[in-house]
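Novice: The structure's right below; bear with me while I get my questions together.
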Amino acid sequence: MSPVFDKCPICQYGAYIDGEYLVAQMLNILLVKCLRCGHYRITEETQGLIKNRFNQDEQLLISSQLNEITKSNHIFSVAEFIDFSQTTSPPSVDERAISLLKCFAEHYPQIGTGPSMSGIEQVLTKGTNIDKVDYQNSITKFVLHSQSSTFSPKRKELDYLIRDYHIAETKFITLDVSNNLEISPKGWARLDKLKIKIQKSNMGFIAMKFIPELIEYSKNWFEGGITSAGYESKAMYSHKHNRIIDNEMIALIRRSKFVVCDLTNSSRGAYYEAGFAHGLDIPVIFLCEKDFFDKKENELSTDEEGVHFDTNHYPIIFWEYGDDNGKELKKELKDWIEATVGRGLLEEKV
């Protein structure tokens, strides 16, 4: 079925929901793409049980926890949600305030930029009643991400963290006469002390195994997803240079906003490049060809097959060969990039 815009089963905010049927398990699975909870899978049966088992505050607490560990390839159970609700509690107020500052910098990394307070208030007023247009709005993405990362289920909590904590007390955020917010010099200094790396780059680096079939697919669809999200794509298979390739690759990753790492065919180089990016706090988006990932007998990873167990629990976008599947991957990768690192500066080609 085609994705429909409906209520997220966990947080009840508007989200895109797609369905699939697993023949072997005889299960109807829902793939939910939510700005607050992240991307996750549940069964239709679990969806029905959630409303009866959890109250609204518990559901929003689960939402914050789910966003921290969301895995698009994992099917969450009611038992796991019960565990989330019983073992998770909001961090301290200071930790929540720092999470908000980090979130602000991720969504508005350019100095002197930020959302309008009136725009934030409009999103908060709408509450769970966001529509398809709201879903694409940058302020909506910032607000829902902030509510999730700061464990703030109620409107007044996020408003308090912005106005009372950061504008009035820490002065890490300023509000100008036009009602626009931005991080203050003091706020950037605080982020620097925390060693938070906010990339100003407009480039996405592709890490993958260099085999002809995969390179052709990447040129059509990996690169397409990156450029349609407003970023310049960069892969070593087409990058011209006259330096030692390892040094050039490291230099490109350092200059990248994010890394798209394809795990298909177990490239040791791709694993290294993803780890190097993680060490620099540069976001890594994992991809993998579905049949390759599904070879569970090779889960510990041989030289040729399987995704390593230290990596296979990360959020992974699965893809399949073929133009129609490639078009789906291009759109999903674009949406994932925009949801996690924000839209780039390049205009999308029609």
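Order determines the names: the first chain of the structure tokens is A, the second B, and so forth; residues in each chain are numbered 1 upward, and ligands are numbered 1 upward as they are shown.
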Can you tell me which residues surround Gln12 (chain A) at a distance of at most 9 Å, considering only C-alpha atoms, apart from same-chain residues fewer than 6 positions away, and format the answer as a ChimeraX atom specification?

Specialist: /A:6,56,59-60,128-129

Novice: List the spatial neighbours of Tyr237 (chain A) as a ChimeraX atom specification - criterion: any atom at most 10 Å away, only C-alpha atoms, same-chain residues fewer than 4 positions off excluded.

Specialist: /A:206-211,215,219

Novice: Could you pull the residues within 12 Å of Leu61 (chain A), counting only C-alpha atoms, minus those fewer than 6 positions along the same chain, as a list in words?

Specialist: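 Counting only the stated atoms, we get Ile10, Cys11, Arg36, Cys37, Phe54, Asn55, Asn67, Glu68, Phe81, Ile82, Asp83, Phe84, Ser85, Gln86, Thr87, Thr88, Ser89, Pro90, Pro91, Gln147, Ser148, Ser149, Thr150, Phe151, Ser152, Pro153 and Lys154 of chain A.
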
Novice: Store the residues picked out above, limited to N, CA and C atoms, as a PDB file, in the first residue's frame.

Specialist:
ATOM      1  N   ILE A  10       2.126   5.971  18.568  1.00  0.00           N
ATOM      2  CA  ILE A  10       2.739   6.244  19.869  1.00  0.00           C
ATOM      3  C   ILE A  10       2.397   7.632  20.387  1.00  0.00           C
ATOM      4  N   CYS A  11       2.790   8.670  19.650  1.00  0.00           N
ATOM      5  CA  CYS A  11       2.644  10.038  20.172  1.00  0.00           C
ATOM      6  C   CYS A  11       1.372  10.730  19.700  1.00  0.00           C
ATOM      7  N   ARG A  36       8.438  13.015  15.643  1.00  0.00           N
ATOM      8  CA  ARG A  36       8.691  12.991  17.089  1.00  0.00           C
ATOM      9  C   ARG A  36       9.309  11.677  17.544  1.00  0.00           C
ATOM     10  N   CYS A  37       8.818  10.566  17.019  1.00  0.00           N
ATOM     11  CA  CYS A  37       9.280   9.246  17.458  1.00  0.00           C
ATOM     12  C   CYS A  37      10.412   8.688  16.606  1.00  0.00           C
ATOM     13  N   PHE A  54      -1.466   2.348  27.612  1.00  0.00           N
ATOM     14  CA  PHE A  54      -0.718   3.514  28.071  1.00  0.00           C
ATOM     15  C   PHE A  54      -1.562   4.780  28.036  1.00  0.00           C
ATOM     16  N   ASN A  55      -1.386   5.630  29.061  1.00  0.00           N
ATOM     17  CA  ASN A  55      -2.039   6.935  29.020  1.00  0.00           C
ATOM     18  C   ASN A  55      -1.196   7.893  28.172  1.00  0.00           C
ATOM     19  N   ASN A  67      12.745   7.643  20.100  1.00  0.00           N
ATOM     20  CA  ASN A  67      13.535   8.479  19.201  1.00  0.00           C
ATOM     21  C   ASN A  67      15.024   8.283  19.433  1.00  0.00           C
ATOM     22  N   GLU A  68      15.402   7.943  20.665  1.00  0.00           N
ATOM     23  CA  GLU A  68      16.820   7.737  20.985  1.00  0.00           C
ATOM     24  C   GLU A  68      17.367   6.458  20.357  1.00  0.00           C
ATOM     25  N   PHE A  81       7.618  -1.598  24.866  1.00  0.00           N
ATOM     26  CA  PHE A  81       7.064  -0.293  25.231  1.00  0.00           C
ATOM     27  C   PHE A  81       6.772  -0.226  26.733  1.00  0.00           C
ATOM     28  N   ILE A  82       6.315  -1.341  27.305  1.00  0.00           N
ATOM     29  CA  ILE A  82       6.090  -1.387  28.756  1.00  0.00           C
ATOM     30  C   ILE A  82       7.411  -1.168  29.488  1.00  0.00           C
ATOM     31  N   ASP A  83       8.469  -1.800  28.985  1.00  0.00           N
ATOM     32  CA  ASP A  83       9.784  -1.645  29.589  1.00  0.00           C
ATOM     33  C   ASP A  83      10.250  -0.190  29.498  1.00  0.00           C
ATOM     34  N   PHE A  84      10.016   0.451  28.334  1.00  0.00           N
ATOM     35  CA  PHE A  84      10.375   1.864  28.180  1.00  0.00           C
ATOM     36  C   PHE A  84       9.672   2.718  29.231  1.00  0.00           C
ATOM     37  N   SER A  85       8.369   2.496  29.379  1.00  0.00           N
ATOM     38  CA  SER A  85       7.575   3.336  30.276  1.00  0.00           C
ATOM     39  C   SER A  85       7.946   3.141  31.738  1.00  0.00           C
ATOM     40  N   GLN A  86       8.421   1.934  32.086  1.00  0.00           N
ATOM     41  CA  GLN A  86       8.734   1.636  33.478  1.00  0.00           C
ATOM     42  C   GLN A  86      10.170   1.971  33.861  1.00  0.00           C
ATOM     43  N   THR A  87      11.052   2.028  32.883  1.00  0.00           N
ATOM     44  CA  THR A  87      12.475   2.240  33.192  1.00  0.00           C
ATOM     45  C   THR A  87      12.984   3.610  32.775  1.00  0.00           C
ATOM     46  N   THR A  88      12.140   4.406  32.114  1.00  0.00           N
ATOM     47  CA  THR A  88      12.584   5.702  31.620  1.00  0.00           C
ATOM     48  C   THR A  88      11.971   6.832  32.434  1.00  0.00           C
ATOM     49  N   SER A  89      12.791   7.789  32.805  1.00  0.00           N
ATOM     50  CA  SER A  89      12.302   8.996  33.465  1.00  0.00           C
ATOM     51  C   SER A  89      13.011  10.187  32.841  1.00  0.00           C
ATOM     52  N   PRO A  90      12.377  11.363  32.852  1.00  0.00           N
ATOM     53  CA  PRO A  90      13.004  12.532  32.246  1.00  0.00           C
ATOM     54  C   PRO A  90      14.330  12.872  32.909  1.00  0.00           C
ATOM     55  N   PRO A  91      15.319  13.332  32.152  1.00  0.00           N
ATOM     56  CA  PRO A  91      16.595  13.773  32.731  1.00  0.00           C
ATOM     57  C   PRO A  91      16.385  15.017  33.596  1.00  0.00           C
ATOM     58  N   GLN A 147      10.810  18.652  21.494  1.00  0.00           N
ATOM     59  CA  GLN A 147       9.946  18.066  22.512  1.00  0.00           C
ATOM     60  C   GLN A 147      10.387  16.643  22.847  1.00  0.00           C
ATOM     61  N   SER A 148      10.784  15.894  21.825  1.00  0.00           N
ATOM     62  CA  SER A 148      11.221  14.521  22.047  1.00  0.00           C
ATOM     63  C   SER A 148      12.554  14.476  22.782  1.00  0.00           C
ATOM     64  N   SER A 149      13.544  15.228  22.298  1.00  0.00           N
ATOM     65  CA  SER A 149      14.888  15.154  22.889  1.00  0.00           C
ATOM     66  C   SER A 149      14.952  15.743  24.291  1.00  0.00           C
ATOM     67  N   THR A 150      14.022  16.656  24.623  1.00  0.00           N
ATOM     68  CA  THR A 150      14.017  17.253  25.967  1.00  0.00           C
ATOM     69  C   THR A 150      12.998  16.590  26.902  1.00  0.00           C
ATOM     70  N   PHE A 151      12.354  15.497  26.444  1.00  0.00           N
ATOM     71  CA  PHE A 151      11.359  14.798  27.245  1.00  0.00           C
ATOM     72  C   PHE A 151      10.301  15.793  27.751  1.00  0.00           C
ATOM     73  N   SER A 152       9.756  16.584  26.824  1.00  0.00           N
ATOM     74  CA  SER A 152       8.788  17.622  27.178  1.00  0.00           C
ATOM     75  C   SER A 152       7.429  17.326  26.543  1.00  0.00           C
ATOM     76  N   PRO A 153       6.586  16.558  27.225  1.00  0.00           N
ATOM     77  CA  PRO A 153       5.283  16.226  26.652  1.00  0.00           C
ATOM     78  C   PRO A 153       4.307  17.394  26.608  1.00  0.00           C
ATOM     79  N   LYS A 154       4.491  18.371  27.505  1.00  0.00           N
ATOM     80  CA  LYS A 154       3.529  19.471  27.593  1.00  0.00           C
ATOM     81  C   LYS A 154       4.090  20.738  26.966  1.00  0.00           C
TER      82      LYS A 154
END

Novice: So which residues of region 51-180 of chain A fall under helix (DSSP H, G or I) by DSSP, listed as a PyMOL selection string?

Specialist: chain A and resi 51-53+56-69+78-87+93-107+117-126+132-136+138-149+155-170

Novice: Which residues, written as a list in words, have at least one atom at most 10 Å from Ile130 (chain A), with only C-alpha atoms counted and residues fewer than 4 positions away on the same chain left out?

Specialist: Asp6, Lys7, Gln12, Tyr13, Gly14, Ala15, Val123, Leu124, Thr125, Lys126, Asp134, Tyr135 and Thr140 of chain A

Novice: Could the residues in this selection be written to a file with C-alpha atoms, as a PDB file, in the first residue's frame?

Specialist:
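Produced file again16.pdb, reproduced below:
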ATOM      1  CA  ASP A   6      -2.413   9.495   9.806  1.00  0.00           C
ATOM      2  CA  LYS A   7      -1.791   9.609  13.563  1.00  0.00           C
ATOM      3  CA  GLN A  12      -0.564  10.688  18.151  1.00  0.00           C
ATOM      4  CA  TYR A  13       1.107  13.413  16.053  1.00  0.00           C
ATOM      5  CA  GLY A  14       0.594  13.359  12.294  1.00  0.00           C
ATOM      6  CA  ALA A  15       2.926  10.888  10.583  1.00  0.00           C
ATOM      7  CA  VAL A 123       3.165  24.553  16.167  1.00  0.00           C
ATOM      8  CA  LEU A 124       2.654  24.108  19.914  1.00  0.00           C
ATOM      9  CA  THR A 125      -0.924  25.397  19.620  1.00  0.00           C
ATOM     10  CA  LYS A 126      -1.712  22.849  16.911  1.00  0.00           C
ATOM     11  CA  ASP A 134       3.157  21.136   8.697  1.00  0.00           C
ATOM     12  CA  TYR A 135       5.119  17.873   8.423  1.00  0.00           C
ATOM     13  CA  THR A 140       7.544  21.867  12.957  1.00  0.00           C
TER      14      THR A 140
END

Novice: Can you work out the spacing between CA of Phe76 (chain A) and CA of Ile42 (chain A) in Å, to one decimal?

Specialist: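 CA of Phe76 (chain A) sits 5.2 Å away from CA of Ile42 (chain A).
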
Novice: Run DSSP on the backbone and give me the residues of region 92-264 of chain A it puts in strand (DSSP E), as number ranges by chain.

Specialist: A: 173-175, 181-183, 203-207, 232-235, 258-262

Novice: Restricting it to all heavy atoms, dump the selection as a short mmCIF file (atom, residue, chain, number, x, y, z; two decimals), in the first residue's frame.

Specialist:
data_model
loop_
_atom_site.label_atom_id
_atom_site.label_comp_id
_atom_site.auth_asym_id
_atom_site.auth_seq_id
_atom_site.Cartn_x
_atom_site.Cartn_y
_atom_site.Cartn_z
N ILE A 173 20.25 31.67 24.40
CA ILE A 173 19.39 31.98 23.25
C ILE A 173 18.88 33.40 23.43
O ILE A 173 18.56 33.82 24.55
CB ILE A 173 18.22 30.98 23.17
CG1 ILE A 173 18.74 29.55 22.87
CG2 ILE A 173 17.22 31.40 22.09
CD1 ILE A 173 17.67 28.48 22.88
N THR A 174 18.80 34.13 22.33
CA THR A 174 18.29 35.50 22.38
C THR A 174 17.01 35.62 21.55
O THR A 174 16.80 34.86 20.61
CB THR A 174 19.33 36.51 21.85
OG1 THR A 174 19.63 36.21 20.47
CG2 THR A 174 20.61 36.46 22.67
N LEU A 175 16.18 36.57 21.91
CA LEU A 175 14.94 36.87 21.20
C LEU A 175 15.01 38.33 20.76
O LEU A 175 15.08 39.23 21.58
CB LEU A 175 13.73 36.64 22.11
CG LEU A 175 12.35 36.86 21.50
CD1 LEU A 175 12.06 35.83 20.41
CD2 LEU A 175 11.27 36.79 22.58
N LEU A 181 14.37 33.91 17.19
CA LEU A 181 15.34 33.32 18.12
C LEU A 181 16.65 33.04 17.40
O LEU A 181 16.66 32.71 16.21
CB LEU A 181 14.79 32.02 18.69
CG LEU A 181 13.51 32.08 19.52
CD1 LEU A 181 12.97 30.67 19.74
CD2 LEU A 181 13.76 32.77 20.85
N GLU A 182 17.75 33.12 18.15
CA GLU A 182 19.04 32.66 17.64
C GLU A 182 19.94 32.33 18.82
O GLU A 182 19.71 32.80 19.95
CB GLU A 182 19.70 33.71 16.75
CG GLU A 182 20.07 35.00 17.44
CD GLU A 182 20.74 35.98 16.49
OE1 GLU A 182 20.06 36.56 15.63
OE2 GLU A 182 21.97 36.15 16.63
N ILE A 183 20.94 31.49 18.57
CA ILE A 183 21.90 31.15 19.63
C ILE A 183 22.84 32.34 19.82
O ILE A 183 23.35 32.91 18.87
CB ILE A 183 22.70 29.88 19.26
CG1 ILE A 183 21.74 28.68 19.15
CG2 ILE A 183 23.78 29.59 20.30
CD1 ILE A 183 22.43 27.40 18.71
N MET A 203 27.61 19.22 2.08
CA MET A 203 28.06 18.05 1.33
C MET A 203 27.72 16.78 2.08
O MET A 203 27.86 16.69 3.29
CB MET A 203 29.57 18.13 1.09
CG MET A 203 30.14 16.99 0.26
SD MET A 203 31.86 17.31 -0.18
CE MET A 203 32.66 17.11 1.42
N GLY A 204 27.27 15.76 1.34
CA GLY A 204 27.04 14.44 1.89
C GLY A 204 27.99 13.44 1.26
O GLY A 204 28.06 13.33 0.03
N PHE A 205 28.75 12.72 2.08
CA PHE A 205 29.76 11.77 1.59
C PHE A 205 29.16 10.37 1.54
O PHE A 205 28.44 9.95 2.44
CB PHE A 205 30.97 11.79 2.53
CG PHE A 205 32.09 10.89 2.10
CD1 PHE A 205 33.02 11.33 1.18
CD2 PHE A 205 32.22 9.61 2.62
CE1 PHE A 205 34.07 10.50 0.78
CE2 PHE A 205 33.25 8.78 2.22
CZ PHE A 205 34.18 9.22 1.29
N ILE A 206 29.48 9.62 0.47
CA ILE A 206 28.99 8.25 0.29
C ILE A 206 30.12 7.27 0.55
O ILE A 206 31.17 7.33 -0.10
CB ILE A 206 28.42 8.03 -1.12
CG1 ILE A 206 27.25 8.97 -1.38
CG2 ILE A 206 27.99 6.58 -1.30
CD1 ILE A 206 26.73 8.92 -2.81
N ALA A 207 29.92 6.36 1.51
CA ALA A 207 30.88 5.29 1.80
C ALA A 207 30.24 3.97 1.38
O ALA A 207 29.12 3.67 1.78
CB ALA A 207 31.22 5.27 3.28
N GLU A 232 25.24 18.53 -1.90
CA GLU A 232 26.14 18.02 -2.92
C GLU A 232 26.59 16.63 -2.51
O GLU A 232 27.03 16.42 -1.38
CB GLU A 232 27.37 18.95 -3.04
CG GLU A 232 28.42 18.43 -4.01
CD GLU A 232 29.73 19.20 -3.93
OE1 GLU A 232 29.83 20.12 -3.09
OE2 GLU A 232 30.65 18.86 -4.71
N SER A 233 26.45 15.66 -3.40
CA SER A 233 26.89 14.30 -3.09
C SER A 233 28.36 14.15 -3.49
O SER A 233 28.81 14.70 -4.49
CB SER A 233 26.04 13.26 -3.82
OG SER A 233 26.21 13.36 -5.22
N LYS A 234 29.09 13.38 -2.69
CA LYS A 234 30.51 13.17 -2.97
C LYS A 234 30.86 11.72 -2.68
O LYS A 234 30.64 11.21 -1.58
CB LYS A 234 31.36 14.09 -2.08
CG LYS A 234 32.84 14.06 -2.40
CD LYS A 234 33.15 14.61 -3.79
CE LYS A 234 32.91 16.09 -3.88
NZ LYS A 234 33.34 16.64 -5.19
N ALA A 235 31.39 11.02 -3.70
CA ALA A 235 31.82 9.64 -3.56
C ALA A 235 33.20 9.49 -4.20
O ALA A 235 33.48 10.12 -5.23
CB ALA A 235 30.83 8.68 -4.22
N PHE A 258 27.16 15.09 6.59
CA PHE A 258 26.75 13.75 7.01
C PHE A 258 27.40 12.74 6.08
O PHE A 258 27.93 13.08 5.02
CB PHE A 258 25.22 13.60 6.98
CG PHE A 258 24.62 13.85 5.62
CD1 PHE A 258 24.45 12.81 4.70
CD2 PHE A 258 24.22 15.12 5.25
CE1 PHE A 258 23.90 13.04 3.45
CE2 PHE A 258 23.67 15.37 4.00
CZ PHE A 258 23.51 14.33 3.10
N VAL A 259 27.34 11.46 6.48
CA VAL A 259 27.86 10.36 5.66
C VAL A 259 26.75 9.36 5.42
O VAL A 259 26.03 8.98 6.35
CB VAL A 259 29.05 9.65 6.37
CG1 VAL A 259 29.42 8.37 5.64
CG2 VAL A 259 30.25 10.59 6.46
N VAL A 260 26.58 8.96 4.16
CA VAL A 260 25.67 7.88 3.80
C VAL A 260 26.54 6.64 3.61
O VAL A 260 27.40 6.61 2.72
CB VAL A 260 24.89 8.20 2.51
CG1 VAL A 260 24.13 6.96 2.03
CG2 VAL A 260 23.92 9.34 2.75
N CYS A 261 26.35 5.65 4.47
CA CYS A 261 27.20 4.45 4.45
C CYS A 261 26.37 3.24 4.03
O CYS A 261 25.45 2.83 4.74
CB CYS A 261 27.81 4.22 5.82
SG CYS A 261 28.83 2.72 5.90
N ASP A 262 26.71 2.67 2.87
CA ASP A 262 26.02 1.46 2.41
C ASP A 262 26.80 0.23 2.86
O ASP A 262 28.00 0.12 2.61
CB ASP A 262 25.88 1.45 0.89
CG ASP A 262 25.11 0.24 0.42
OD1 ASP A 262 23.88 0.19 0.66
OD2 ASP A 262 25.73 -0.68 -0.15
#
